[in-house]
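One structure is given below, encoded as C-alpha cells.
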There are 2 protein chains.
Amino acid sequence: MKRTTIQDIADKTGYSKTAVSFAFNSPSRISKKAVEAILKAAEELDYIPDPMARNFSLGKHMSLGFLLPQRVEYTLMNPYMQSVIRGIATVCQEHGYTLTVIPPLHSSVIEAIKNATVDGIITLGLTIDKNIKGILRQRQMPIVAIDGSLKDEIHSVSIDDEEAAQLQLSKVLEKGHRDIAIISLPDDAYSKRTDETDSVVNKRKKGYMKALEKYSMSLSDLRVLSCATTLQDGMDAARTILNERKPTCFVTMSDVVAFGIMEVLNELDLDISVVGFDGVEIEDFHTTRLTTIHQSGNEKGKQSAKVLFSLIDGEKAPLKTLIPYSFNEGVTLKETI
Amino acid sequence: MKRTTIQDIADKTGYSKTAVSFAFNSPSRISKKAVEAILKAAEELDYIPDPMARNFSLGKHMSLGFLLPQRVEYTLMNPYMQSVIRGIATVCQEHGYTLTVIPPLHSSVIEAIKNATVDGIITLGLTIDKNIKGILRQRQMPIVAIDGSLKDEIHSVSIDDEEAAQLQLSKVLEKGHRDIAIISLPDDAYSKRTDETDSVVNKRKKGYMKALEKYSMSLSDLRVLSCATTLQDGMDAARTILNERKPTCFVTMSDVVAFGIMEVLNELDLDISVVGFDGVEIEDFHTTRLTTIHQSGNEKGKQSAKVLFSLIDGEKAPLKTLIPYSFNEGVTLKETI
DNA sequence: CTGTTAGCGCGTTCAA
DNA sequence: TTGAACGCGCTAACAG
C-alpha cells in the first residue's frame with residue numbers, strides 16, 4: 001500500500017489539492033465547512049504530509065548541520081565535541097529544527113558539504129578555505145566556524161585563544177615550573193597547514209610566547225610535541241617526553257590528552273604537574289580535579305547555532321563572537337619543589 | 001544570483017537535462033564527448049546537484065534519525081547517550097549517511113516523528129505504542145528501539161537487563177550488604193506507564209527480586225527510590241535516603257546517578273558503597289573507578305544502526321538483538337564491616 | 001548506441 | 001475555491 005498523499009484527500013472530499021493544503025497551512029483561506037471535511041478525511045486516511053516534499057517545496061530543510069572534521073570514532077570520542085553538539089542541539093530544539101551530524105563522506109569533508117541536506121553548517125576546528133567557501137556560496141548555505149582558521153570573511157565563535165593560553169602558561173610559570181613539556185594539538189586537526197597564522201594552535205602558541213617573555217624565555221626553551229586528542233595519543237606523548245627527560249609540568253591543549261598523560265604518570269607513580277585545556281570535567285561527570293582552562297563547549301555550540309539561525313533568517317550577525325573562558329584551579333598543578 | 005541547475009548545464013552545452021543527469025549518474029549511457037562537454041560546463045558553472053531535489057526524486061534521505069526521548073539539555077547530558085550516538089554515527093559514516101538528532105518537536109515526540117526527514121528511526125528508552133507505530137507505518141519508516149518497551153513486534157537492541165540486574169545486586173549481597181537503597185530510573189523515562197512489564201525498569205526489578213530470593217529477601221526489604229539520570233537528581237536522591245537512615249550500599253540504575261551520590265558521600269565524608277549501571281567511565285575518560293555493570297552504548301548504537309540499515313534495504317533482521325554486558329569491578333563496592 | 005521528450009514525486013502558491 | 005505551474009533532478013519510453 002502506498003502513502004496517503006494530498007491528492008487522496010482531495011479525491012475523497014471532492015475538493016482540490018490546493019484546498020487541502022490550505023486546510024492545513026492557512027485554514028482561514030477557505031470555508032470552515034471545507035476545512036472540517038478535509039481534516040476529517042485526513043484523519044480517516046491517516047494522512048501525514050510528507051516532510052521531504054514539504055521541505056522541498058518550501059526550500060527549507062529544517063535542520064542545521066554539524067560537520068565533523070575527522071572520522072566519527074575519533075571526533076565523537078571527545079567530550080568537548082559532545083558538549084558543543086549539545087549546545088547546538090539545544091538551540092535547534094527551540095527553533096523546531098533537527099541537528100544533522102555530518103561525518104566526512106568517503107573520507108572527504110568537501111563531499112560531505114556538497115551532499116548535506118541542511119539549512120546551514122557549523123564547523124569545528126576546520127580551515128575554511130576558498131574551496132569550501134565556494135561550495136557553500138553556490139549552495140547558498142550559511143556557515144559558522146567554531147575554533148577554525150578563516151581564510152575569508154566568515155562568522156566565527158571562539159574564545160580568545162591567545163589570551164587564554166597566555167593565562168594558562170603564566171599560572172604554570174608562577175608556580176616555578178621551567179622544565180615544561182607542551183603537548184600541542186595536531187596541526188592538521190585545527191588547521192590544514194601549519195602556516196595558518198590564525199589557527200587555534202598558532203594563536204595559543206603566540207599566547208605561550210607572551211607568557212614566556214616575562215621570564216625572558218621563549219618557546220624553544222620548552223619541549224613542544226603535538227598529538228591527536230585521544231586518551232591513547234596523550235599516553236603515547238607522555239611516554240615520548242618521559243623517555244627523554246622528566247619535565248616538572250605537562251601543559252596540554254586538551255583535557256583528553258591531559259587525562260591520558262595522568263594515566264601514564266599514575267602508572268609510573270610520578271608526581272608531575274599537568275594542566276589541561278577545555279574544562280570538560282565541569283560540564284560532564286569527571287571527578288578528577290584537573291587544573292585546566294575552562295571553555296564552555298555547550299556555550300560555543302549555542303552561540304554558533306544562534307548566529308547561524310540569524311544568517312538563515314537573513315539577519316545580520318556579528319562576524320566574531322567571543323565567549324568567556326576561565327582558569328579552573330584543580331589539584332594537578334603544584335608548586336615546584 | 002540563483003543556483004546553477006541541471007537546466008543551466010543543458011542550455012550551455014546544448015544537450016538535454018537527461019543527458020546532463022546521465023553524465024553524472026551513468027556516464028556510460030552517453031558518448032564520451034557528451035560527458036566531457038557536460039562535466040566541463042558543470043565545472044565552469046560550479047554546478048552542484050541539489051541534494052534535496054536529488055533525494056526527493058530518489059525517495060531517499062540519506063540520513064538515519066536518532067529520536068531523543070526527552071529534551072536535549074537533559075538527554076544529551078548523559079554520557080551513555082553520547083556513546084550510543086557515536087555508535088550510530090559510526091555506522092552511518094560507513095554507509096555514506098548522516099545522523100539526524102531529533103529533539104522532541106514542541107515538546108512532542110509524536111510531532112517530531114511526523115516531521116523527520118530520515119530513512120529510519122532509532123529510539124532509546126521509549127515505549128513504542130500503537131500511536132507511534134501507526135505513524136511510522138503510514139510513513140513507511142522502519143524503526144529500531146534501544147532499551148524500549150515494545151507494545152508490538154518491533155526490532156530491538158538491548159542487553160539482558162533482568163540477568164544483568166540480578167548479577168549487579170548479587171555482587172552487592174555477596175559482600176554482605178543488607179541495608180540497600182536502590183535508586184531506580186524514573187518510570188516515565190524508560191516507559192510511559194509503570195505497568196509496562198517489559199520496560200527496562202521492570203526487567204531490572206525482576207532481576208533484583210531473583211537475586212534477593214537466594215537470601216530470602218524481597219524488594220520490600222529494601223528502600224527503592226527513582227530519580228532522573230542527572231548528577232543533580234542523583235545528589236538529591238542520596239540526601240533523601242540519608243536523611244531517613246544510612247544504608248550500607250547504594251545500588252543505582254545509572255552511572256550518572258551513582259556519580260551524584262558519590263558527590264554527596266564525599267561531601268559528608270561517608271564511607272558507603274555505591275554501584276552503578278552503564279559503565280560510561282570505560283568508554284569515556286572517567287578516572288574514578290566506579291563499580292558498575294558495563295554495557296556498551298557504542299555497541300548498542302552500532303547494532304541498532306546495522307539492523308536499521310538492513311530494514312531500509314528490505315532485508316530481514318533479527319527481531320531481538322542482545323549485546324553483552326559485564327560486571328566491572330571498581331573500588332566503590334566494599335565488604336560490609 | 002546516443003540522445004530526447006515527457007512525466008514523476010508532493011506539497012505550495014500564483015493567477016484567475 | 002481551483003487549475004496549473006513550480007522546485008529540481010531522475011528515469012521510462014521512445015526516436016534516430
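Residues are referred to by chain and number: the chain letter is A, B, ... according to the order shown in the C-alpha cells, the number counts from 1 in that chain, and ligands are numbered separately from 1 in the order shown.
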Spatial neighbours of range 6-15 of chain D, 7 Å, only C-alpha atoms (C1' of nucleotides), chain gap at least 6 places, as a ChimeraX atom specification: /A:57 /B:53-54,57
Could you please take those selected residues and save all heavy atoms as a compact mmCIF listing (two decimals), in the first residue's frame?
# COMPACT_ATOMS: atom_id res chain seq x y z
N SER A 57 9.43 21.82 -1.35
CA SER A 57 8.57 22.86 -1.87
C SER A 57 8.88 24.21 -1.23
O SER A 57 8.86 25.25 -1.89
CB SER A 57 7.12 22.46 -1.62
OG SER A 57 6.25 23.33 -2.26
N ALA B 53 16.70 17.93 -3.83
CA ALA B 53 15.94 17.58 -5.03
C ALA B 53 16.29 16.15 -5.44
O ALA B 53 15.42 15.36 -5.81
CB ALA B 53 16.28 18.54 -6.16
N ARG B 54 17.55 15.86 -5.32
CA ARG B 54 18.01 14.52 -5.70
C ARG B 54 17.38 13.47 -4.78
O ARG B 54 16.82 12.47 -5.25
CB ARG B 54 19.54 14.49 -5.56
CG ARG B 54 20.18 13.25 -6.08
CD ARG B 54 21.68 13.47 -6.31
NE ARG B 54 22.15 12.51 -7.30
CZ ARG B 54 22.41 11.24 -7.01
NH1 ARG B 54 22.25 10.82 -5.77
NH2 ARG B 54 22.80 10.41 -7.94
N SER B 57 13.72 13.05 -5.42
CA SER B 57 13.48 12.29 -6.64
C SER B 57 13.73 10.80 -6.41
O SER B 57 13.01 9.95 -6.93
CB SER B 57 14.41 12.82 -7.72
OG SER B 57 14.14 12.24 -8.95
Determine which residues of chain A sit within 12 Å of chain C, taking into account only C-alpha atoms (C1' of nucleotides), and present them as an MDAnalysis selection string. chainID A and resid 3:8 17:22 24:26 48:59
Convert the current residue selection to file output with N, CA, C and O atoms, as a CSV table (one decimal), in the first residue's frame.
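Done, and the output landed in selection11.csv:
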chain,number,residue,atom,x,y,z
A,3,ARG,N,1.6,5.4,0.4
A,3,ARG,CA,1.4,6.5,1.3
A,3,ARG,C,0.1,7.3,0.9
A,3,ARG,O,-0.2,7.4,-0.3
A,4,THR,N,-0.6,7.8,1.9
A,4,THR,CA,-1.7,8.7,1.6
A,4,THR,C,-1.1,10.1,1.2
A,4,THR,O,-0.3,10.6,1.9
A,5,THR,N,-1.5,10.6,0.1
A,5,THR,CA,-1.0,11.9,-0.3
A,5,THR,C,-2.1,12.9,-0.3
A,5,THR,O,-3.3,12.6,-0.1
A,6,ILE,N,-1.7,14.1,-0.6
A,6,ILE,CA,-2.7,15.2,-0.6
A,6,ILE,C,-3.8,15.0,-1.6
A,6,ILE,O,-4.9,15.4,-1.5
A,7,GLN,N,-3.4,14.3,-2.7
A,7,GLN,CA,-4.3,14.0,-3.7
A,7,GLN,C,-5.4,13.1,-3.3
A,7,GLN,O,-6.6,13.2,-3.7
A,8,ASP,N,-5.1,12.1,-2.4
A,8,ASP,CA,-6.1,11.2,-1.9
A,8,ASP,C,-7.1,11.9,-1.2
A,8,ASP,O,-8.3,11.6,-1.2
A,17,LYS,N,-6.5,19.9,-4.5
A,17,LYS,CA,-5.2,19.8,-3.7
A,17,LYS,C,-5.0,21.1,-3.0
A,17,LYS,O,-4.5,21.1,-1.8
A,18,THR,N,-5.2,22.2,-3.7
A,18,THR,CA,-4.9,23.5,-3.1
A,18,THR,C,-5.8,23.6,-1.8
A,18,THR,O,-5.2,24.1,-0.8
A,19,ALA,N,-7.0,23.3,-1.9
A,19,ALA,CA,-7.9,23.4,-0.7
A,19,ALA,C,-7.4,22.6,0.5
A,19,ALA,O,-7.3,23.0,1.6
A,20,VAL,N,-6.9,21.4,0.1
A,20,VAL,CA,-6.4,20.5,1.2
A,20,VAL,C,-5.1,21.2,1.8
A,20,VAL,O,-5.0,21.2,3.1
A,21,SER,N,-4.3,21.7,1.0
A,21,SER,CA,-3.1,22.4,1.5
A,21,SER,C,-3.4,23.5,2.4
A,21,SER,O,-2.9,23.7,3.5
A,22,PHE,N,-4.4,24.3,2.0
A,22,PHE,CA,-4.9,25.4,2.8
A,22,PHE,C,-5.5,25.0,4.1
A,22,PHE,O,-5.3,25.6,5.1
A,24,PHE,N,-4.6,22.8,5.9
A,24,PHE,CA,-3.5,22.5,6.9
A,24,PHE,C,-2.7,23.8,7.3
A,24,PHE,O,-2.4,24.0,8.4
A,25,ASN,N,-2.4,24.6,6.3
A,25,ASN,CA,-1.5,25.7,6.5
A,25,ASN,C,-2.1,27.0,6.7
A,25,ASN,O,-1.6,27.9,7.4
A,26,SER,N,-3.3,27.3,6.0
A,26,SER,CA,-4.0,28.6,6.2
A,26,SER,C,-5.5,28.3,6.2
A,26,SER,O,-6.1,28.7,5.2
A,48,ILE,N,-0.4,12.0,6.6
A,48,ILE,CA,0.7,12.8,7.2
A,48,ILE,C,1.4,13.5,6.0
A,48,ILE,O,1.9,12.7,5.2
A,49,PRO,N,1.5,14.8,6.0
A,49,PRO,CA,2.2,15.4,4.9
A,49,PRO,C,3.6,14.9,4.8
A,49,PRO,O,4.3,14.8,5.9
A,50,ASP,N,4.1,14.6,3.7
A,50,ASP,CA,5.5,14.1,3.5
A,50,ASP,C,6.4,15.3,3.8
A,50,ASP,O,6.5,16.3,3.1
A,51,PRO,N,7.2,15.2,4.9
A,51,PRO,CA,8.1,16.3,5.3
A,51,PRO,C,9.1,16.6,4.2
A,51,PRO,O,9.4,17.8,4.0
A,52,MET,N,9.6,15.6,3.5
A,52,MET,CA,10.6,15.9,2.4
A,52,MET,C,10.0,16.7,1.3
A,52,MET,O,10.5,17.7,0.9
A,53,ALA,N,8.8,16.3,0.9
A,53,ALA,CA,8.1,17.0,-0.2
A,53,ALA,C,7.8,18.5,0.2
A,53,ALA,O,8.0,19.4,-0.5
A,54,ARG,N,7.4,18.6,1.5
A,54,ARG,CA,7.1,19.9,2.0
A,54,ARG,C,8.3,20.8,2.1
A,54,ARG,O,8.3,21.9,1.6
A,55,ASN,N,9.4,20.2,2.6
A,55,ASN,CA,10.6,21.0,2.7
A,55,ASN,C,11.1,21.4,1.3
A,55,ASN,O,11.6,22.5,1.1
A,56,PHE,N,11.0,20.4,0.4
A,56,PHE,CA,11.5,20.7,-1.0
A,56,PHE,C,10.7,21.9,-1.6
A,56,PHE,O,11.3,22.8,-2.2
A,57,SER,N,9.4,21.8,-1.4
A,57,SER,CA,8.6,22.9,-1.9
A,57,SER,C,8.9,24.2,-1.2
A,57,SER,O,8.9,25.2,-1.9
A,58,LEU,N,9.1,24.2,0.0
A,58,LEU,CA,9.4,25.4,0.8
A,58,LEU,C,10.9,25.9,0.7
A,58,LEU,O,11.2,27.0,1.1
A,59,GLY,N,11.7,25.0,0.1
A,59,GLY,CA,13.1,25.4,0.0
A,59,GLY,C,13.8,25.4,1.4
A,59,GLY,O,14.8,26.1,1.5
Mind checking which residues fall within 12 Å of Asn115 in chain B, counting only C-alpha atoms (C1' of nucleotides), ignoring those fewer than 5 positions away in the same chain, and posting them as an mmCIF file with all heavy atoms, in the first residue's frame?
data_model
loop_
_atom_site.group_PDB
_atom_site.id
_atom_site.type_symbol
_atom_site.label_atom_id
_atom_site.label_comp_id
_atom_site.auth_asym_id
_atom_site.auth_seq_id
_atom_site.Cartn_x
_atom_site.Cartn_y
_atom_site.Cartn_z
ATOM 1 N N ILE A 48 -0.402 12.039 6.648
ATOM 2 C CA ILE A 48 0.695 12.818 7.219
ATOM 3 C C ILE A 48 1.435 13.458 6.048
ATOM 4 O O ILE A 48 1.895 12.750 5.165
ATOM 5 C CB ILE A 48 1.687 11.919 7.975
ATOM 6 C CG1 ILE A 48 0.987 11.235 9.144
ATOM 7 C CG2 ILE A 48 2.857 12.738 8.489
ATOM 8 C CD1 ILE A 48 1.806 10.105 9.737
ATOM 9 N N PRO A 49 1.505 14.778 6.031
ATOM 10 C CA PRO A 49 2.204 15.431 4.916
ATOM 11 C C PRO A 49 3.635 14.921 4.847
ATOM 12 O O PRO A 49 4.288 14.790 5.875
ATOM 13 C CB PRO A 49 2.181 16.913 5.301
ATOM 14 C CG PRO A 49 1.113 17.048 6.327
ATOM 15 C CD PRO A 49 1.040 15.727 7.037
ATOM 16 N N ASP A 50 4.100 14.624 3.675
ATOM 17 C CA ASP A 50 5.479 14.147 3.526
ATOM 18 C C ASP A 50 6.439 15.303 3.800
ATOM 19 O O ASP A 50 6.461 16.284 3.068
ATOM 20 C CB ASP A 50 5.669 13.632 2.101
ATOM 21 C CG ASP A 50 7.072 13.076 1.887
ATOM 22 O OD1 ASP A 50 8.005 13.539 2.562
ATOM 23 O OD2 ASP A 50 7.230 12.188 1.051
ATOM 24 N N PRO A 51 7.226 15.185 4.859
ATOM 25 C CA PRO A 51 8.103 16.292 5.250
ATOM 26 C C PRO A 51 9.113 16.644 4.163
ATOM 27 O O PRO A 51 9.426 17.809 3.964
ATOM 28 C CB PRO A 51 8.834 15.760 6.484
ATOM 29 C CG PRO A 51 8.082 14.570 6.937
ATOM 30 C CD PRO A 51 7.365 14.026 5.748
ATOM 31 N N MET A 52 9.601 15.637 3.462
ATOM 32 C CA MET A 52 10.602 15.934 2.450
ATOM 33 C C MET A 52 9.974 16.738 1.318
ATOM 34 O O MET A 52 10.546 17.736 0.866
ATOM 35 C CB MET A 52 11.221 14.663 1.887
ATOM 36 C CG MET A 52 12.189 14.967 0.773
ATOM 37 S SD MET A 52 13.625 13.932 0.713
ATOM 38 C CE MET A 52 12.945 12.375 0.224
ATOM 39 N N ALA A 53 8.801 16.327 0.859
ATOM 40 C CA ALA A 53 8.132 17.044 -0.223
ATOM 41 C C ALA A 53 7.827 18.470 0.230
ATOM 42 O O ALA A 53 8.007 19.435 -0.508
ATOM 43 C CB ALA A 53 6.846 16.331 -0.601
ATOM 44 N N ARG A 54 7.403 18.552 1.474
ATOM 45 C CA ARG A 54 7.064 19.861 2.028
ATOM 46 C C ARG A 54 8.301 20.761 2.077
ATOM 47 O O ARG A 54 8.271 21.904 1.628
ATOM 48 C CB ARG A 54 6.504 19.652 3.441
ATOM 49 C CG ARG A 54 5.965 20.886 4.075
ATOM 50 C CD ARG A 54 5.012 20.531 5.235
ATOM 51 N NE ARG A 54 4.094 21.628 5.443
ATOM 52 C CZ ARG A 54 4.438 22.723 6.110
ATOM 53 N NH1 ARG A 54 5.641 22.825 6.624
ATOM 54 N NH2 ARG A 54 3.582 23.708 6.246
ATOM 55 N N ASN A 55 9.373 20.219 2.604
ATOM 56 C CA ASN A 55 10.603 20.996 2.686
ATOM 57 C C ASN A 55 11.113 21.373 1.297
ATOM 58 O O ASN A 55 11.581 22.486 1.083
ATOM 59 C CB ASN A 55 11.687 20.192 3.416
ATOM 60 C CG ASN A 55 11.397 20.047 4.894
ATOM 61 O OD1 ASN A 55 10.586 20.782 5.446
ATOM 62 N ND2 ASN A 55 12.041 19.093 5.541
ATOM 63 N N HIS A 61 15.097 22.956 4.956
ATOM 64 C CA HIS A 61 15.412 21.590 5.386
ATOM 65 C C HIS A 61 15.022 21.348 6.840
ATOM 66 O O HIS A 61 14.898 20.232 7.292
ATOM 67 C CB HIS A 61 16.902 21.307 5.242
ATOM 68 C CG HIS A 61 17.424 21.475 3.861
ATOM 69 N ND1 HIS A 61 17.742 22.698 3.334
ATOM 70 C CD2 HIS A 61 17.673 20.565 2.893
ATOM 71 C CE1 HIS A 61 18.181 22.528 2.087
ATOM 72 N NE2 HIS A 61 18.149 21.264 1.813
ATOM 73 N N MET A 62 14.868 22.414 7.567
ATOM 74 C CA MET A 62 14.539 22.314 8.985
ATOM 75 C C MET A 62 15.602 21.547 9.777
ATOM 76 O O MET A 62 15.298 20.817 10.704
ATOM 77 C CB MET A 62 13.170 21.640 9.177
ATOM 78 C CG MET A 62 12.028 22.372 8.488
ATOM 79 S SD MET A 62 11.929 24.100 8.993
ATOM 80 C CE MET A 62 11.199 23.921 10.624
ATOM 81 N N SER A 63 16.841 21.739 9.381
ATOM 82 C CA SER A 63 17.926 21.083 10.113
ATOM 83 C C SER A 63 19.225 21.866 9.972
ATOM 84 O O SER A 63 19.512 22.408 8.910
ATOM 85 C CB SER A 63 18.125 19.658 9.578
ATOM 86 O OG SER A 63 18.986 18.924 10.425
ATOM 87 N N GLY A 96 12.554 24.317 16.569
ATOM 88 C CA GLY A 96 11.827 23.257 15.886
ATOM 89 C C GLY A 96 12.657 22.613 14.788
ATOM 90 O O GLY A 96 12.125 22.080 13.821
ATOM 91 N N TYR A 97 13.954 22.701 14.935
ATOM 92 C CA TYR A 97 14.870 22.132 13.948
ATOM 93 C C TYR A 97 15.474 20.825 14.474
ATOM 94 O O TYR A 97 15.481 20.570 15.675
ATOM 95 C CB TYR A 97 16.027 23.099 13.679
ATOM 96 C CG TYR A 97 15.806 24.007 12.489
ATOM 97 C CD1 TYR A 97 14.667 24.794 12.403
ATOM 98 C CD2 TYR A 97 16.743 24.087 11.451
ATOM 99 C CE1 TYR A 97 14.469 25.637 11.306
ATOM 100 C CE2 TYR A 97 16.545 24.922 10.372
ATOM 101 C CZ TYR A 97 15.414 25.705 10.298
ATOM 102 O OH TYR A 97 15.228 26.530 9.230
ATOM 103 N N THR A 98 15.996 20.032 13.550
ATOM 104 C CA THR A 98 16.791 18.878 13.959
ATOM 105 C C THR A 98 18.255 19.240 13.764
ATOM 106 O O THR A 98 18.576 20.274 13.182
ATOM 107 C CB THR A 98 16.465 17.629 13.112
ATOM 108 O OG1 THR A 98 16.683 17.923 11.739
ATOM 109 C CG2 THR A 98 15.023 17.193 13.315
ATOM 110 N N GLY B 65 17.676 8.701 11.720
ATOM 111 C CA GLY B 65 17.250 9.596 12.785
ATOM 112 C C GLY B 65 17.436 8.964 14.158
ATOM 113 O O GLY B 65 17.165 7.782 14.343
ATOM 114 N N LEU B 67 15.998 9.550 17.746
ATOM 115 C CA LEU B 67 14.934 10.296 18.419
ATOM 116 C C LEU B 67 15.233 10.459 19.909
ATOM 117 O O LEU B 67 15.399 9.474 20.632
ATOM 118 C CB LEU B 67 13.628 9.531 18.243
ATOM 119 C CG LEU B 67 12.353 10.210 18.701
ATOM 120 C CD1 LEU B 67 12.082 11.460 17.869
ATOM 121 C CD2 LEU B 67 11.187 9.242 18.599
ATOM 122 N N THR B 100 20.718 12.230 11.935
ATOM 123 C CA THR B 100 19.873 13.355 12.337
ATOM 124 C C THR B 100 19.409 13.182 13.779
ATOM 125 O O THR B 100 18.707 12.218 14.097
ATOM 126 C CB THR B 100 18.640 13.471 11.417
ATOM 127 O OG1 THR B 100 19.077 13.634 10.069
ATOM 128 C CG2 THR B 100 17.778 14.661 11.808
ATOM 129 N N ILE B 102 17.058 14.093 16.550
ATOM 130 C CA ILE B 102 15.708 14.648 16.537
ATOM 131 C C ILE B 102 15.195 14.947 17.938
ATOM 132 O O ILE B 102 14.811 14.043 18.678
ATOM 133 C CB ILE B 102 14.735 13.657 15.870
ATOM 134 C CG1 ILE B 102 15.301 13.184 14.525
ATOM 135 C CG2 ILE B 102 13.358 14.275 15.698
ATOM 136 C CD1 ILE B 102 14.511 12.049 13.897
ATOM 137 N N PRO B 103 15.187 16.200 18.329
ATOM 138 C CA PRO B 103 14.642 16.556 19.645
ATOM 139 C C PRO B 103 13.122 16.502 19.560
ATOM 140 O O PRO B 103 12.562 16.574 18.464
ATOM 141 C CB PRO B 103 15.096 18.001 19.849
ATOM 142 C CG PRO B 103 16.002 18.338 18.710
ATOM 143 C CD PRO B 103 15.682 17.386 17.604
ATOM 144 N N PRO B 104 12.469 16.365 20.697
ATOM 145 C CA PRO B 104 11.002 16.434 20.695
ATOM 146 C C PRO B 104 10.583 17.753 20.050
ATOM 147 O O PRO B 104 11.183 18.785 20.316
ATOM 148 C CB PRO B 104 10.650 16.426 22.187
ATOM 149 C CG PRO B 104 11.820 15.803 22.864
ATOM 150 C CD PRO B 104 13.018 16.189 22.044
ATOM 151 N N LEU B 105 9.584 17.713 19.173
ATOM 152 C CA LEU B 105 9.140 18.925 18.487
ATOM 153 C C LEU B 105 7.972 19.537 19.253
ATOM 154 O O LEU B 105 6.950 18.895 19.451
ATOM 155 C CB LEU B 105 8.725 18.572 17.054
ATOM 156 C CG LEU B 105 8.320 19.713 16.128
ATOM 157 C CD1 LEU B 105 9.430 20.752 16.038
ATOM 158 C CD2 LEU B 105 8.005 19.173 14.751
ATOM 159 N N HIS B 106 8.123 20.777 19.666
ATOM 160 C CA HIS B 106 7.126 21.410 20.519
ATOM 161 C C HIS B 106 6.802 20.478 21.684
ATOM 162 O O HIS B 106 5.633 20.235 21.988
ATOM 163 C CB HIS B 106 5.846 21.735 19.742
ATOM 164 C CG HIS B 106 6.088 22.472 18.476
ATOM 165 N ND1 HIS B 106 6.898 23.583 18.406
ATOM 166 C CD2 HIS B 106 5.659 22.257 17.214
ATOM 167 C CE1 HIS B 106 6.942 24.022 17.168
ATOM 168 N NE2 HIS B 106 6.202 23.235 16.420
ATOM 169 N N SER B 108 6.842 17.441 21.768
ATOM 170 C CA SER B 108 6.143 16.219 21.409
ATOM 171 C C SER B 108 6.994 15.286 20.553
ATOM 172 O O SER B 108 7.475 15.656 19.483
ATOM 173 C CB SER B 108 4.863 16.571 20.643
ATOM 174 O OG SER B 108 4.412 15.452 19.913
ATOM 175 N N VAL B 109 7.169 14.089 21.059
ATOM 176 C CA VAL B 109 7.924 13.080 20.341
ATOM 177 C C VAL B 109 7.164 12.684 19.071
ATOM 178 O O VAL B 109 7.738 12.461 18.007
ATOM 179 C CB VAL B 109 8.157 11.845 21.231
ATOM 180 C CG1 VAL B 109 8.624 10.655 20.404
ATOM 181 C CG2 VAL B 109 9.188 12.172 22.313
ATOM 182 N N ILE B 110 5.849 12.616 19.194
ATOM 183 C CA ILE B 110 4.997 12.253 18.066
ATOM 184 C C ILE B 110 5.161 13.238 16.909
ATOM 185 O O ILE B 110 5.343 12.850 15.758
ATOM 186 C CB ILE B 110 3.499 12.262 18.498
ATOM 187 C CG1 ILE B 110 3.247 11.199 19.574
ATOM 188 C CG2 ILE B 110 2.602 12.046 17.294
ATOM 189 C CD1 ILE B 110 3.101 9.805 19.040
ATOM 190 N N ILE B 121 14.350 5.286 11.926
ATOM 191 C CA ILE B 121 14.498 5.921 13.230
ATOM 192 C C ILE B 121 14.982 4.950 14.293
ATOM 193 O O ILE B 121 14.565 3.791 14.335
ATOM 194 C CB ILE B 121 13.143 6.543 13.655
ATOM 195 C CG1 ILE B 121 12.907 7.838 12.880
ATOM 196 C CG2 ILE B 121 13.089 6.781 15.156
ATOM 197 C CD1 ILE B 121 11.699 8.613 13.323
ATOM 198 N N ILE B 135 2.063 5.907 12.910
ATOM 199 C CA ILE B 135 2.678 6.982 12.132
ATOM 200 C C ILE B 135 3.803 6.446 11.269
ATOM 201 O O ILE B 135 3.914 6.763 10.088
ATOM 202 C CB ILE B 135 3.233 8.073 13.074
ATOM 203 C CG1 ILE B 135 2.079 8.780 13.773
ATOM 204 C CG2 ILE B 135 4.079 9.065 12.299
ATOM 205 C CD1 ILE B 135 2.521 9.699 14.883
ATOM 206 N N LEU B 136 4.610 5.596 11.859
ATOM 207 C CA LEU B 136 5.745 5.063 11.114
ATOM 208 C C LEU B 136 5.289 4.141 9.991
ATOM 209 O O LEU B 136 5.905 4.081 8.936
ATOM 210 C CB LEU B 136 6.687 4.324 12.064
ATOM 211 C CG LEU B 136 7.350 5.245 13.103
ATOM 212 C CD1 LEU B 136 8.121 4.436 14.127
ATOM 213 C CD2 LEU B 136 8.280 6.227 12.405
ATOM 214 N N ARG B 139 4.176 6.351 7.276
ATOM 215 C CA ARG B 139 5.332 6.975 6.631
ATOM 216 C C ARG B 139 6.264 5.922 6.048
ATOM 217 O O ARG B 139 7.298 6.243 5.479
ATOM 218 C CB ARG B 139 6.083 7.851 7.637
ATOM 219 C CG ARG B 139 5.307 9.107 8.037
ATOM 220 C CD ARG B 139 6.238 10.180 8.539
ATOM 221 N NE ARG B 139 7.289 10.485 7.576
ATOM 222 C CZ ARG B 139 8.378 11.182 7.830
ATOM 223 N NH1 ARG B 139 8.571 11.656 9.050
ATOM 224 N NH2 ARG B 139 9.279 11.415 6.911
ATOM 225 N N MET B 141 8.331 3.977 7.465
ATOM 226 C CA MET B 141 9.656 4.221 8.006
ATOM 227 C C MET B 141 9.994 3.163 9.037
ATOM 228 O O MET B 141 9.272 3.006 10.008
ATOM 229 C CB MET B 141 9.656 5.608 8.642
ATOM 230 C CG MET B 141 11.015 6.095 9.025
ATOM 231 S SD MET B 141 10.902 7.795 9.537
ATOM 232 C CE MET B 141 10.603 8.561 7.954
#
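For the residues A:Ser16, A:Gln138, A:Thr252, A:Thr90, ranking by smallest atom-to-atom distance to chain D using only C-alpha atoms (C1' of nucleotides) places A:Ser16 first.
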Please identify the strand (DSSP E or B) residues within range 236-332 of chain A (assignment by DSSP from backbone atoms) and present them as a PyMOL selection string. chain A and resi 249-252+273-278+291-295+320-322+325-328
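What separates CA of Gly330 in chain A from CA of Leu290 in chain A is a distance of 4.9 Å.
The spacing separating CA of Arg71 in chain A from CA of Thr117 in chain B amounts to 23.5 Å.
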